[in-house]
$ cat structure_4.txt   # compact mmCIF, C-alpha atoms
# COMPACT_ATOMS: atom_id res chain seq x y z
CA MET A 1 274.60 31.22 209.18
CA SER A 2 270.89 30.68 209.10
CA ASP A 3 269.18 29.94 212.42
CA GLU A 4 267.87 26.51 211.44
CA PRO A 5 270.26 23.89 210.09
CA ARG A 6 269.56 23.13 206.45
CA ASN A 7 268.22 19.73 205.45
CA LEU A 8 271.10 18.20 203.51
CA LEU A 9 270.63 15.86 200.56
CA VAL A 10 273.16 13.44 202.02
CA ASP A 11 271.03 13.00 205.13
CA ARG A 12 268.52 11.09 202.99
CA THR A 13 271.12 8.38 202.36
CA PRO A 14 273.97 8.97 204.85
CA LEU A 15 277.43 7.99 203.68
CA PRO A 16 278.67 4.70 205.19
CA ASP A 17 281.13 4.54 208.06
CA GLY A 18 284.80 4.21 207.28
CA ILE A 19 285.20 7.35 205.14
CA GLU A 20 287.59 9.70 206.89
CA GLU A 21 286.38 13.08 208.10
CA ARG A 22 287.93 15.41 205.53
CA LEU A 23 286.81 13.36 202.53
CA ARG A 24 283.39 12.89 204.14
CA ALA A 25 282.99 16.68 204.34
CA GLN A 26 284.05 17.03 200.70
CA LEU A 27 281.62 14.35 199.53
CA THR A 28 278.81 15.87 201.61
CA PHE A 29 279.35 19.18 199.82
CA LEU A 30 279.64 17.50 196.41
CA VAL A 31 276.32 15.70 196.94
CA GLU A 32 274.63 18.89 198.21
CA VAL A 33 275.62 20.92 195.15
CA ASP A 34 273.65 18.46 193.00
CA ARG A 35 270.85 20.92 193.84
CA LEU A 36 272.36 23.45 191.39
CA LYS A 37 270.88 21.28 188.63
CA THR A 38 267.39 22.15 189.91
CA VAL A 39 267.78 25.95 190.07
CA LEU A 40 266.02 27.24 186.97
CA ARG A 41 267.07 30.38 185.16
CA GLN A 42 264.94 32.54 182.84
CA SER A 43 267.02 31.77 179.75
CA PRO A 44 265.58 29.36 177.18
CA LEU A 45 267.93 26.67 175.84
CA ALA A 46 268.86 26.88 172.17
CA ALA A 47 268.73 23.07 171.85
CA ALA A 48 265.39 22.31 173.55
CA ASP A 49 262.13 23.95 174.52
CA ARG A 50 262.77 24.48 178.21
CA ARG A 51 264.55 26.83 180.58
CA GLU A 52 268.20 26.42 181.47
CA ASN A 53 269.37 25.43 184.93
CA ASP A 54 272.33 26.84 186.84
CA ALA A 55 274.57 23.77 186.46
CA GLU A 56 274.16 23.76 182.67
CA HIS A 57 274.72 27.51 182.61
CA SER A 58 277.90 27.21 184.71
CA TRP A 59 279.28 24.51 182.40
CA HIS A 60 278.51 26.66 179.36
CA LEU A 61 280.33 29.65 180.87
CA ALA A 62 283.38 27.50 181.57
CA MET A 63 283.48 26.45 177.89
CA MET A 64 283.18 30.11 176.90
CA VAL A 65 286.07 31.12 179.15
CA ALA A 66 288.24 28.37 177.66
CA LEU A 67 287.49 29.44 174.08
CA LEU A 68 287.03 33.22 174.32
CA ALA A 69 289.81 34.15 176.76
CA GLU A 70 291.86 35.61 173.90
CA HIS A 71 289.26 38.39 173.65
CA SER A 72 290.01 39.68 177.15
CA ASP A 73 291.44 43.20 177.03
CA GLU A 74 293.67 42.36 179.99
CA PRO A 75 295.73 39.18 180.49
CA ILE A 76 293.79 36.65 182.58
CA ASP A 77 294.58 33.42 184.37
CA VAL A 78 292.23 31.11 182.45
CA GLY A 79 292.20 28.39 185.12
CA ARG A 80 291.09 30.75 187.88
CA THR A 81 288.53 32.38 185.59
CA VAL A 82 287.06 28.93 184.91
CA GLU A 83 286.88 28.30 188.67
CA LEU A 84 285.08 31.63 189.14
CA VAL A 85 282.32 30.68 186.70
CA LEU A 86 282.02 27.13 188.07
CA VAL A 87 281.41 28.54 191.55
CA HIS A 88 279.62 31.85 190.87
CA ASP A 89 276.02 30.59 191.08
CA LEU A 90 276.42 28.02 193.89
CA VAL A 91 274.81 30.27 196.50
CA GLU A 92 271.60 30.20 194.45
CA ILE A 93 271.14 26.63 195.72
CA TYR A 94 269.82 28.21 198.92
CA ALA A 95 269.17 31.81 197.80
CA GLY A 96 267.44 31.15 194.44
CA ASP A 97 268.01 32.78 191.07
CA THR A 98 267.21 36.49 190.80
CA PRO A 99 266.24 37.33 187.20
CA LEU A 100 268.36 40.08 185.63
CA TYR A 101 265.38 42.32 184.87
CA ASP A 102 263.71 41.86 188.30
CA SER A 103 264.66 44.88 190.42
CA ALA A 104 262.18 44.00 193.22
CA GLY A 105 263.71 40.53 193.65
CA GLY A 106 267.12 42.18 193.80
CA ALA A 107 266.32 43.74 197.19
CA GLY A 108 267.59 41.50 199.95
CA GLN A 109 269.46 39.37 197.44
CA LEU A 110 272.88 40.21 198.87
CA GLU A 111 271.87 39.27 202.42
CA ARG A 112 270.21 36.03 201.29
CA GLU A 113 273.24 35.08 199.28
CA ALA A 114 275.70 35.83 202.08
CA VAL A 115 273.77 33.53 204.45
CA ALA A 116 273.60 30.91 201.72
CA ALA A 117 277.36 31.12 201.17
CA ASP A 118 278.04 30.63 204.90
CA ASP A 119 275.78 27.59 205.05
CA LEU A 120 276.89 25.96 201.82
CA PHE A 121 280.63 26.57 201.91
CA GLY A 122 280.59 25.78 205.65
CA LEU A 123 280.03 22.12 204.72
CA LEU A 124 283.62 21.97 203.41
CA PRO A 125 286.85 21.64 205.39
CA ASP A 126 287.83 25.14 206.58
CA ASP A 127 290.61 25.76 204.05
CA GLN A 128 288.37 24.84 201.13
CA ALA A 129 285.42 26.78 202.56
CA ARG A 130 287.63 29.87 202.65
CA ARG A 131 288.84 29.26 199.09
CA MET A 132 285.31 28.83 197.71
CA ARG A 133 284.16 31.94 199.55
CA ALA A 134 287.13 33.89 198.19
CA LEU A 135 286.27 32.84 194.63
CA TRP A 136 282.64 33.85 195.10
CA ASP A 137 283.63 37.20 196.63
CA GLU A 138 286.10 37.80 193.81
CA PHE A 139 283.39 37.19 191.21
CA GLU A 140 280.93 39.48 192.97
CA GLU A 141 283.43 42.33 193.51
CA ARG A 142 284.66 42.38 189.92
CA ALA A 143 287.96 43.97 191.03
CA THR A 144 290.23 41.58 189.09
CA PRO A 145 290.54 41.04 185.32
CA GLU A 146 289.49 37.40 185.87
CA ALA A 147 286.30 38.42 187.68
CA ARG A 148 285.46 41.02 185.03
CA PHE A 149 285.88 38.43 182.27
CA ALA A 150 283.84 35.86 184.20
CA LYS A 151 281.05 38.44 184.62
CA ALA A 152 281.22 39.25 180.91
CA MET A 153 280.65 35.57 180.11
CA ASP A 154 277.72 35.51 182.55
CA ARG A 155 276.10 38.33 180.56
CA LEU A 156 277.12 37.22 177.05
CA GLN A 157 275.86 33.63 177.35
CA PRO A 158 272.15 34.48 177.92
CA LEU A 159 272.48 37.14 175.24
CA LEU A 160 273.42 34.36 172.80
CA LEU A 161 270.51 32.21 174.03
CA ASN A 162 268.07 35.11 173.70
CA TRP A 163 269.31 35.73 170.17
CA MET A 164 268.77 32.06 169.33
CA ALA A 165 265.23 32.28 170.81
CA ARG A 166 264.51 35.44 168.79
CA GLY A 167 263.86 37.43 171.91
CA GLY A 168 263.69 35.17 174.97
CA THR A 169 263.82 37.30 178.11
CA TRP A 170 264.17 40.46 176.00
CA ARG A 171 260.40 40.09 175.68
CA THR A 172 259.92 40.43 179.46
CA PRO A 173 257.09 42.97 179.96
CA GLY A 174 258.43 46.49 180.51
CA VAL A 175 261.95 45.71 179.27
CA THR A 176 263.33 47.76 176.37
CA ALA A 177 266.37 47.31 174.14
CA ASP A 178 268.02 50.13 176.09
CA ASP A 179 267.48 48.18 179.32
CA VAL A 180 269.22 45.22 177.68
CA ARG A 181 272.13 47.45 176.57
CA ALA A 182 272.45 48.87 180.09
CA ARG A 183 272.48 45.42 181.76
CA LYS A 184 274.93 44.00 179.24
CA ALA A 185 277.38 46.92 179.15
CA VAL A 186 279.64 45.23 181.74
CA ILE A 187 280.79 42.96 178.90
CA GLY A 188 282.70 46.02 177.69
CA ASP A 189 284.58 46.22 181.01
CA ALA A 190 286.31 42.96 180.01
CA SER A 191 286.41 42.90 176.22
CA ALA A 192 285.85 45.59 173.61
CA SER A 193 285.54 43.00 170.81
CA LEU A 194 282.96 40.86 172.62
CA TRP A 195 280.92 43.91 173.55
CA THR A 196 280.97 45.01 169.91
CA ALA A 197 279.58 41.59 168.96
CA GLY A 198 277.07 41.72 171.83
CA ARG A 199 275.82 45.13 170.70
CA HIS A 200 275.40 43.77 167.16
CA LEU A 201 273.11 41.08 168.55
CA ILE A 202 271.11 43.54 170.64
CA ASP A 203 270.84 46.16 167.87
CA GLU A 204 269.80 43.64 165.25
CA GLY A 205 267.34 42.04 167.67
CA GLU A 206 265.74 45.44 168.27
CA ARG A 207 265.62 46.13 164.52
CA ARG A 208 263.78 42.85 164.01
CA GLY A 209 261.28 43.60 166.77
CA TRP A 210 262.56 40.94 169.21
CA SER A 211 262.90 43.64 171.89
CA ARG A 212 260.97 46.85 172.48
CA SER A 213 262.37 50.21 171.33
CA ALA A 214 260.21 52.09 173.87
CA PRO A 215 258.27 51.15 177.03
CA ASP A 216 254.73 49.91 176.48
CA GLN A 217 252.08 52.62 176.85
CA ASP A 218 249.38 51.93 179.42
CA MET B 1 283.90 13.90 158.78
CA SER B 2 280.42 12.58 158.18
CA ASP B 3 279.22 12.60 154.55
CA GLU B 4 276.29 14.93 155.10
CA PRO B 5 276.86 18.32 156.74
CA ARG B 6 275.24 18.47 160.18
CA ASN B 7 272.30 20.77 160.76
CA LEU B 8 273.68 23.39 163.10
CA LEU B 9 271.64 25.07 165.80
CA VAL B 10 272.93 28.47 164.73
CA ASP B 11 271.43 27.99 161.25
CA ARG B 12 267.99 28.35 162.84
CA THR B 13 268.81 31.95 163.78
CA PRO B 14 271.98 32.91 161.87
CA LEU B 15 274.28 35.37 163.60
CA PRO B 16 274.04 38.91 162.21
CA ASP B 17 276.60 40.36 159.82
CA GLY B 18 279.46 42.37 161.23
CA ILE B 19 280.93 39.71 163.55
CA GLU B 20 284.43 38.86 162.36
CA GLU B 21 285.21 35.37 161.11
CA ARG B 22 287.18 33.94 164.03
CA LEU B 23 284.70 35.08 166.67
CA ARG B 24 281.82 33.94 164.45
CA ALA B 25 283.33 30.42 164.36
CA GLN B 26 283.76 30.45 168.14
CA LEU B 27 280.16 31.59 168.75
CA THR B 28 278.86 29.02 166.25
CA PHE B 29 280.57 26.28 168.27
CA LEU B 30 279.41 27.72 171.59
CA VAL B 31 275.79 27.74 170.39
CA GLU B 32 276.10 24.21 168.97
CA VAL B 33 277.36 22.75 172.26
CA ASP B 34 274.11 23.88 173.90
CA ARG B 35 273.01 20.42 172.69
CA LEU B 36 275.07 18.81 175.47
CA LYS B 37 272.27 19.87 177.83
CA THR B 38 269.92 17.51 175.99
CA VAL B 39 272.11 14.37 176.06
CA LEU B 40 270.64 12.24 178.85
CA ARG B 41 272.72 9.89 180.97
CA GLN B 42 271.50 6.90 182.95
CA SER B 43 272.36 8.41 186.35
CA PRO B 44 269.51 9.73 188.50
CA LEU B 45 270.00 13.14 190.10
CA ALA B 46 270.25 13.24 193.88
CA ALA B 47 268.27 16.49 194.00
CA ALA B 48 265.34 15.66 191.70
CA ASP B 49 263.48 12.70 190.24
CA ARG B 50 264.96 12.72 186.75
CA ARG B 51 268.04 11.61 184.84
CA GLU B 52 271.14 13.76 184.61
CA ASN B 53 272.30 15.35 181.37
CA ASP B 54 275.86 15.61 180.09
CA ALA B 55 276.26 19.35 180.73
CA GLU B 56 275.21 19.00 184.38
CA HIS B 57 277.48 15.96 184.72
CA SER B 58 280.44 17.83 183.22
CA TRP B 59 279.94 20.76 185.60
CA HIS B 60 279.74 18.37 188.55
CA LEU B 61 283.00 16.67 187.54
CA ALA B 62 284.73 20.05 187.31
CA MET B 63 283.66 20.85 190.89
CA MET B 64 284.96 17.45 191.97
CA VAL B 65 288.34 18.05 190.34
CA ALA B 66 288.63 21.43 192.06
CA LEU B 67 287.84 19.96 195.49
CA LEU B 68 289.30 16.43 195.35
CA ALA B 69 292.58 17.06 193.48
CA GLU B 70 294.51 16.63 196.75
CA HIS B 71 293.56 12.93 196.65
CA SER B 72 295.45 12.31 193.41
CA ASP B 73 298.34 9.90 193.96
CA GLU B 74 300.39 11.85 191.41
CA PRO B 75 300.73 15.64 191.14
CA ILE B 76 298.23 17.03 188.61
CA ASP B 77 297.70 20.33 186.84
CA VAL B 78 294.23 21.14 188.20
CA GLY B 79 293.39 23.65 185.45
CA ARG B 80 294.06 21.17 182.65
CA THR B 81 292.22 18.41 184.52
CA VAL B 82 289.19 20.71 184.75
CA GLU B 83 289.42 21.35 181.01
CA LEU B 84 289.54 17.59 180.37
CA VAL B 85 286.27 16.99 182.21
CA LEU B 86 284.55 20.02 180.66
CA VAL B 87 285.33 18.67 177.19
CA HIS B 88 285.25 14.88 177.69
CA ASP B 89 281.59 14.28 176.78
CA LEU B 90 281.21 16.85 173.97
CA VAL B 91 281.37 14.23 171.21
CA GLU B 92 278.20 12.66 172.65
CA ILE B 93 276.33 15.63 171.15
CA TYR B 94 276.52 13.76 167.82
CA ALA B 95 277.47 10.25 168.99
CA GLY B 96 275.07 9.83 171.94
CA ASP B 97 275.75 8.52 175.43
CA THR B 98 276.77 4.87 175.73
CA PRO B 99 275.71 3.51 179.14
CA LEU B 100 278.56 2.04 181.21
CA TYR B 101 276.91 -1.37 181.51
CA ASP B 102 275.89 -1.63 177.82
CA SER B 103 278.53 -3.72 176.05
CA ALA B 104 276.49 -3.98 172.82
CA GLY B 105 276.23 -0.20 172.50
CA GLY B 106 279.98 -0.01 173.02
CA ALA B 107 280.66 -1.61 169.63
CA GLY B 108 281.16 1.09 167.04
CA GLN B 109 281.29 3.73 169.75
CA LEU B 110 284.88 4.71 169.00
CA GLU B 111 284.21 5.20 165.29
CA ARG B 112 281.02 7.18 165.95
CA GLU B 113 282.81 9.39 168.43
CA ALA B 114 285.79 10.04 166.15
CA VAL B 115 283.47 11.23 163.36
CA ALA B 116 281.57 13.33 165.89
CA ALA B 117 284.81 14.91 167.11
CA ASP B 118 285.84 15.85 163.56
CA ASP B 119 282.46 17.44 162.86
CA LEU B 120 282.06 19.25 166.16
CA PHE B 121 285.59 20.50 166.79
CA GLY B 122 285.84 21.34 163.07
CA LEU B 123 283.45 24.25 163.71
CA LEU B 124 286.22 26.04 165.64
CA PRO B 125 289.21 27.95 164.26
CA ASP B 126 291.93 25.41 163.42
CA ASP B 127 294.18 26.08 166.44
CA GLN B 128 291.27 25.68 168.85
CA ALA B 129 289.93 22.63 167.01
CA ARG B 130 293.31 20.97 167.46
CA ARG B 131 293.41 21.93 171.14
CA MET B 132 289.92 20.55 171.86
CA ARG B 133 290.74 17.36 169.99
CA ALA B 134 294.00 16.99 171.93
CA LEU B 135 292.11 17.36 175.23
CA TRP B 136 289.55 14.75 174.17
CA ASP B 137 292.28 12.35 172.99
CA GLU B 138 294.18 12.87 176.25
CA PHE B 139 291.11 11.99 178.28
CA GLU B 140 290.39 8.88 176.22
CA GLU B 141 293.99 7.60 176.27
CA ARG B 142 294.44 7.98 180.03
CA ALA B 143 298.23 8.22 179.61
CA THR B 144 298.68 11.31 181.81
CA PRO B 145 298.02 11.76 185.54
CA GLU B 146 295.49 14.46 184.66
CA ALA B 147 293.56 12.13 182.35
CA ARG B 148 293.59 9.33 184.91
CA PHE B 149 292.22 11.68 187.57
CA ALA B 150 289.59 13.06 185.19
CA LYS B 151 288.51 9.49 184.39
CA ALA B 152 288.36 8.67 188.10
CA MET B 153 285.96 11.60 188.63
CA ASP B 154 283.86 10.38 185.69
CA ARG B 155 283.47 7.04 187.49
CA LEU B 156 283.17 8.33 191.07
CA GLN B 157 280.42 10.88 190.37
CA PRO B 158 277.76 8.39 189.18
CA LEU B 159 278.82 6.09 192.02
CA LEU B 160 277.86 8.88 194.45
CA LEU B 161 274.55 9.44 192.61
CA ASN B 162 273.78 5.71 192.63
CA TRP B 163 274.51 5.60 196.35
CA MET B 164 272.12 8.51 196.91
CA ALA B 165 269.46 6.70 194.83
CA ARG B 166 269.98 3.48 196.84
CA GLY B 167 270.95 1.58 193.73
CA GLY B 168 270.26 3.61 190.60
CA THR B 169 271.96 1.96 187.62
CA TRP B 170 273.40 -0.75 189.91
CA ARG B 171 269.91 -2.26 189.54
CA THR B 172 270.33 -2.61 185.74
CA PRO B 173 269.20 -6.17 184.88
CA GLY B 174 272.12 -8.59 184.76
CA VAL B 175 274.56 -6.27 186.55
CA THR B 176 276.23 -7.54 189.75
CA ALA B 177 278.23 -5.80 192.45
CA ASP B 178 281.34 -7.38 190.97
CA ASP B 179 280.52 -5.80 187.61
CA VAL B 180 280.30 -2.45 189.40
CA ARG B 181 283.68 -3.06 191.11
CA ALA B 182 285.26 -3.99 187.77
CA ARG B 183 283.95 -0.89 185.97
CA LYS B 184 284.93 1.43 188.83
CA ALA B 185 288.41 0.04 189.50
CA VAL B 186 290.00 2.73 187.29
CA ILE B 187 289.40 5.12 190.18
CA GLY B 188 292.27 3.28 191.85
CA ASP B 189 294.60 4.18 188.96
CA ALA B 190 294.36 7.79 190.08
CA SER B 191 293.72 7.73 193.82
CA ALA B 192 294.06 4.99 196.42
CA SER B 193 292.05 6.97 198.99
CA LEU B 194 289.14 7.71 196.63
CA TRP B 195 289.02 4.09 195.50
CA THR B 196 288.92 2.99 199.14
CA ALA B 197 285.93 5.28 199.66
CA GLY B 198 284.34 4.11 196.41
CA ARG B 199 284.68 0.47 197.44
CA HIS B 200 283.04 1.30 200.79
CA LEU B 201 280.03 2.64 198.89
CA ILE B 202 279.87 -0.39 196.57
CA ASP B 203 280.39 -2.94 199.37
CA GLU B 204 277.83 -1.36 201.65
CA GLY B 205 275.38 -1.01 198.75
CA GLU B 206 275.73 -4.72 198.03
CA ARG B 207 275.28 -5.56 201.74
CA ARG B 208 272.02 -3.57 201.75
CA GLY B 209 270.75 -5.32 198.62
CA TRP B 210 271.02 -2.25 196.34
CA SER B 211 273.07 -4.33 193.89
CA ARG B 212 273.06 -8.07 193.11
CA SER B 213 275.67 -10.37 194.64
CA ALA B 214 275.21 -12.95 191.84
CA PRO B 215 273.64 -12.92 188.36
CA ASP B 216 269.89 -13.53 188.21
CA GLN B 217 268.99 -17.15 187.55
CA ASP B 218 266.78 -17.79 184.54
$ encode --input "structure_4.txt" --output "structure tokens"
Amino acid sequence: MSDEPRNLLVDRTPLPDGIEERLRAQLTFLVEVDRLKTVLRQSPLAAADRRENDAEHSWHLAMMVALLAEHSDEPIDVGRTVELVLVHDLVEIYAGDTPLYDSAGGAGQLEREAVAADDLFGLLPDDQARRMRALWDEFEERATPEARFAKAMDRLQPLLLNWMARGGTWRTPGVTADDVRARKAVIGDASASLWTAGRHLIDEGERRGWSRSAPDQD
Amino acid sequence: MSDEPRNLLVDRTPLPDGIEERLRAQLTFLVEVDRLKTVLRQSPLAAADRRENDAEHSWHLAMMVALLAEHSDEPIDVGRTVELVLVHDLVEIYAGDTPLYDSAGGAGQLEREAVAADDLFGLLPDDQARRMRALWDEFEERATPEARFAKAMDRLQPLLLNWMARGGTWRTPGVTADDVRARKAVIGDASASLWTAGRHLIDEGERRGWSRSAPDQD
């Protein structure tokens, strides 16, 4: 837990009396996670000229799980995989988004996110707090086929958006096509066919000059 | 189907060769549904001073299903209920959002949405097109416990956002607290306890003057 209690959204307009304790805790959490809609990612939308937020991204991953599950190399429980992607970015409400190609921001990320998870999931009744935490841990540890597939979606979706933007975050200074390949290779831990398609996008993007073949020279 | 083919997002940056037909159709659909992030609803966010979009809304409903399913008066398959809410607004990509308190906009809505469903789901491989259409039909028909619960979430979520905004769309000209009660009563078809909580929010909102007790006098 963090030392100071967080300011909760619901405290701005407290729920009325007469809602029983367990439901009140659930509604408090459900109002608080509205903040996910304000956490901006680096990825540009395909449909508009702005960056994506975490809630939109999480919805998009859930659609991808529902439609691409057949490409998993191992059998997966689709329902739990959907839950993993719905929950996977919630801690960023308090910990912020760490861009994929930002290794400096990555330092301390784990600690920040663990505190965030305690604070956020702690708003829920204990049994549901434990379940949310277990889903988040499962996603992070990537030890189950469901978590590996969820992670693959988390890497494939921005790859699609970057393709649509003819570069997008591939154009981040200092990033090369080989950096992109290295960051995206976890797709292959879940699905050979999706990683083949992902590599096509990366290779063709490099060929067209949407990513760098070699680091910039100073 | 509409007479003219739709302009697809993916046509702006066509996918490279070498991606097999079925996966190409799936990715085409998954790029196209990026548009859901640009369909604005009437509801104000709790976490920021702007209106919500359909993708954020759909993600929020999925979280609500996962955490509030225990309040369903009938047993529900949580995984399918989550799929229902993830899919329920997709047709608005081509048909637009029809505000809850707009009875004029409601005319022709069904026809527009049916054409939109044909066009959008028709991008998918046939088996998946049928499955998406079946989920959308199930949600609209409200004949299953899962669809009734999904619909209840679709009505409860903006109620929470309006509460947080101290009125929100309850302040729409001509709308009274009784109109709100009438539109929200379907929550009670799925969950007595959630409808009790919902009525608390509506009643207390009316008491505080966040909604009208009687129509405005001309």
$ atom_distance --input "structure_4.txt" --atom1 "atom CA of Ser58 of chain B" --atom2 "atom CA of Ala150 of chain B"
10.5 Å
$ atom_distance --input "structure_4.txt" --atom1 "atom CA of Arg50 of chain A" --atom2 "atom CA of Trp170 of chain A"
16.2 Å
$ interface_residues --input "structure_4.txt" --of "chain A" --to "chain B" --cutoff "6 Å" --atoms "all atoms listed in the file" --output "MDAnalysis selection string"
chainID A and resid 13 19 34:35 47 55:56 59 79 164 197
$ atom_distance --input "structure_4.txt" --atom1 "atom CA of Gly108 of chain A" --atom2 "atom CA of Ala152 of chain A"
23.5 Å
$ residues_around --input "structure_4.txt" --residues "Ala185 of chain B" --least-positions-apart "2" --cutoff "12 Å" --atoms "all atoms listed in the file" --output "list in words"
Arg148, Lys151, Ala152, Met153, Asp154, Arg155, Leu156, Leu159, Asp178, Asp179, Val180, Arg181, Ala182, Arg183, Ile187, Gly188, Asp189, Ala190, Ser191, Ala192, Leu194, Trp195, Thr196, Ala197, Gly198, Arg199 and Ile202 of chain B
$ closest_residue --input "structure_4.txt" --among "B:Val65, B:Ala177, B:Val85, B:Ala95" --to "Glu140 of chain B" --atoms "all atoms listed in the file"
B:Val85
$ closest_residue --input "structure_4.txt" --among "A:Glu74, A:Ile93, A:Asp49, A:Glu21" --to "Asp119 of chain A" --atoms "all atoms listed in the file"
A:Ile93
$ closest_residue --input "structure_4.txt" --among "B:Glu113, B:Glu206, B:Asp118, B:Asp73" --to "Glu92 of chain B" --atoms "all atoms listed in the file"
B:Glu113
$ residues_around --input "structure_4.txt" --residues "Arg112 of chain B" --least-positions-apart "4" --cutoff "10 Å" --atoms "only C-alpha atoms" --output "ChimeraX atom specification"
/B:2,91-92,94-96,107-108,116-117
$ build_atoms --input "structure_4.txt" --residues "segment 81-87 of chain A" --atoms "all heavy atoms" --output "PDB file, keeping the file's coordinate frame"
ATOM      1  N   THR A  81     289.771  31.840 186.146  1.00  0.00           N
ATOM      2  CA  THR A  81     288.530  32.380 185.590  1.00  0.00           C
ATOM      3  C   THR A  81     287.499  31.256 185.420  1.00  0.00           C
ATOM      4  O   THR A  81     286.310  31.441 185.690  1.00  0.00           O
ATOM      5  CB  THR A  81     288.802  33.085 184.240  1.00  0.00           C
ATOM      6  OG1 THR A  81     289.921  33.959 184.385  1.00  0.00           O
ATOM      7  CG2 THR A  81     287.599  33.893 183.805  1.00  0.00           C
ATOM      8  N   VAL A  82     287.969  30.082 184.995  1.00  0.00           N
ATOM      9  CA  VAL A  82     287.060  28.930 184.910  1.00  0.00           C
ATOM     10  C   VAL A  82     286.510  28.601 186.296  1.00  0.00           C
ATOM     11  O   VAL A  82     285.307  28.377 186.464  1.00  0.00           O
ATOM     12  CB  VAL A  82     287.778  27.710 184.294  1.00  0.00           C
ATOM     13  CG1 VAL A  82     286.970  26.434 184.501  1.00  0.00           C
ATOM     14  CG2 VAL A  82     288.037  27.929 182.800  1.00  0.00           C
ATOM     15  N   GLU A  83     287.376  28.589 187.306  1.00  0.00           N
ATOM     16  CA  GLU A  83     286.880  28.300 188.670  1.00  0.00           C
ATOM     17  C   GLU A  83     285.832  29.321 189.105  1.00  0.00           C
ATOM     18  O   GLU A  83     284.836  28.965 189.747  1.00  0.00           O
ATOM     19  CB  GLU A  83     288.052  28.288 189.657  1.00  0.00           C
ATOM     20  CG  GLU A  83     288.899  27.028 189.561  1.00  0.00           C
ATOM     21  CD  GLU A  83     289.861  26.899 190.738  1.00  0.00           C
ATOM     22  OE1 GLU A  83     290.605  27.864 191.013  1.00  0.00           O
ATOM     23  OE2 GLU A  83     289.852  25.852 191.390  1.00  0.00           O
ATOM     24  N   LEU A  84     286.051  30.596 188.756  1.00  0.00           N
ATOM     25  CA  LEU A  84     285.080  31.630 189.140  1.00  0.00           C
ATOM     26  C   LEU A  84     283.699  31.330 188.561  1.00  0.00           C
ATOM     27  O   LEU A  84     282.690  31.440 189.267  1.00  0.00           O
ATOM     28  CB  LEU A  84     285.551  33.011 188.644  1.00  0.00           C
ATOM     29  CG  LEU A  84     286.757  33.619 189.358  1.00  0.00           C
ATOM     30  CD1 LEU A  84     287.234  34.874 188.611  1.00  0.00           C
ATOM     31  CD2 LEU A  84     286.424  33.964 190.802  1.00  0.00           C
ATOM     32  N   VAL A  85     283.647  30.922 187.290  1.00  0.00           N
ATOM     33  CA  VAL A  85     282.320  30.680 186.700  1.00  0.00           C
ATOM     34  C   VAL A  85     281.716  29.366 187.204  1.00  0.00           C
ATOM     35  O   VAL A  85     280.489  29.251 187.312  1.00  0.00           O
ATOM     36  CB  VAL A  85     282.327  30.732 185.155  1.00  0.00           C
ATOM     37  CG1 VAL A  85     282.774  32.112 184.681  1.00  0.00           C
ATOM     38  CG2 VAL A  85     283.170  29.637 184.542  1.00  0.00           C
ATOM     39  N   LEU A  86     282.560  28.392 187.534  1.00  0.00           N
ATOM     40  CA  LEU A  86     282.020  27.130 188.070  1.00  0.00           C
ATOM     41  C   LEU A  86     281.329  27.347 189.408  1.00  0.00           C
ATOM     42  O   LEU A  86     280.363  26.664 189.744  1.00  0.00           O
ATOM     43  CB  LEU A  86     283.140  26.106 188.245  1.00  0.00           C
ATOM     44  CG  LEU A  86     283.770  25.555 186.959  1.00  0.00           C
ATOM     45  CD1 LEU A  86     284.956  24.674 187.313  1.00  0.00           C
ATOM     46  CD2 LEU A  86     282.750  24.777 186.136  1.00  0.00           C
ATOM     47  N   VAL A  87     281.839  28.316 190.171  1.00  0.00           N
ATOM     48  CA  VAL A  87     281.410  28.540 191.550  1.00  0.00           C
ATOM     49  C   VAL A  87     280.375  29.658 191.668  1.00  0.00           C
ATOM     50  O   VAL A  87     279.609  29.693 192.631  1.00  0.00           O
ATOM     51  CB  VAL A  87     282.669  28.865 192.414  1.00  0.00           C
ATOM     52  CG1 VAL A  87     282.318  29.397 193.777  1.00  0.00           C
ATOM     53  CG2 VAL A  87     283.582  27.635 192.498  1.00  0.00           C
TER      54      VAL A  87
END
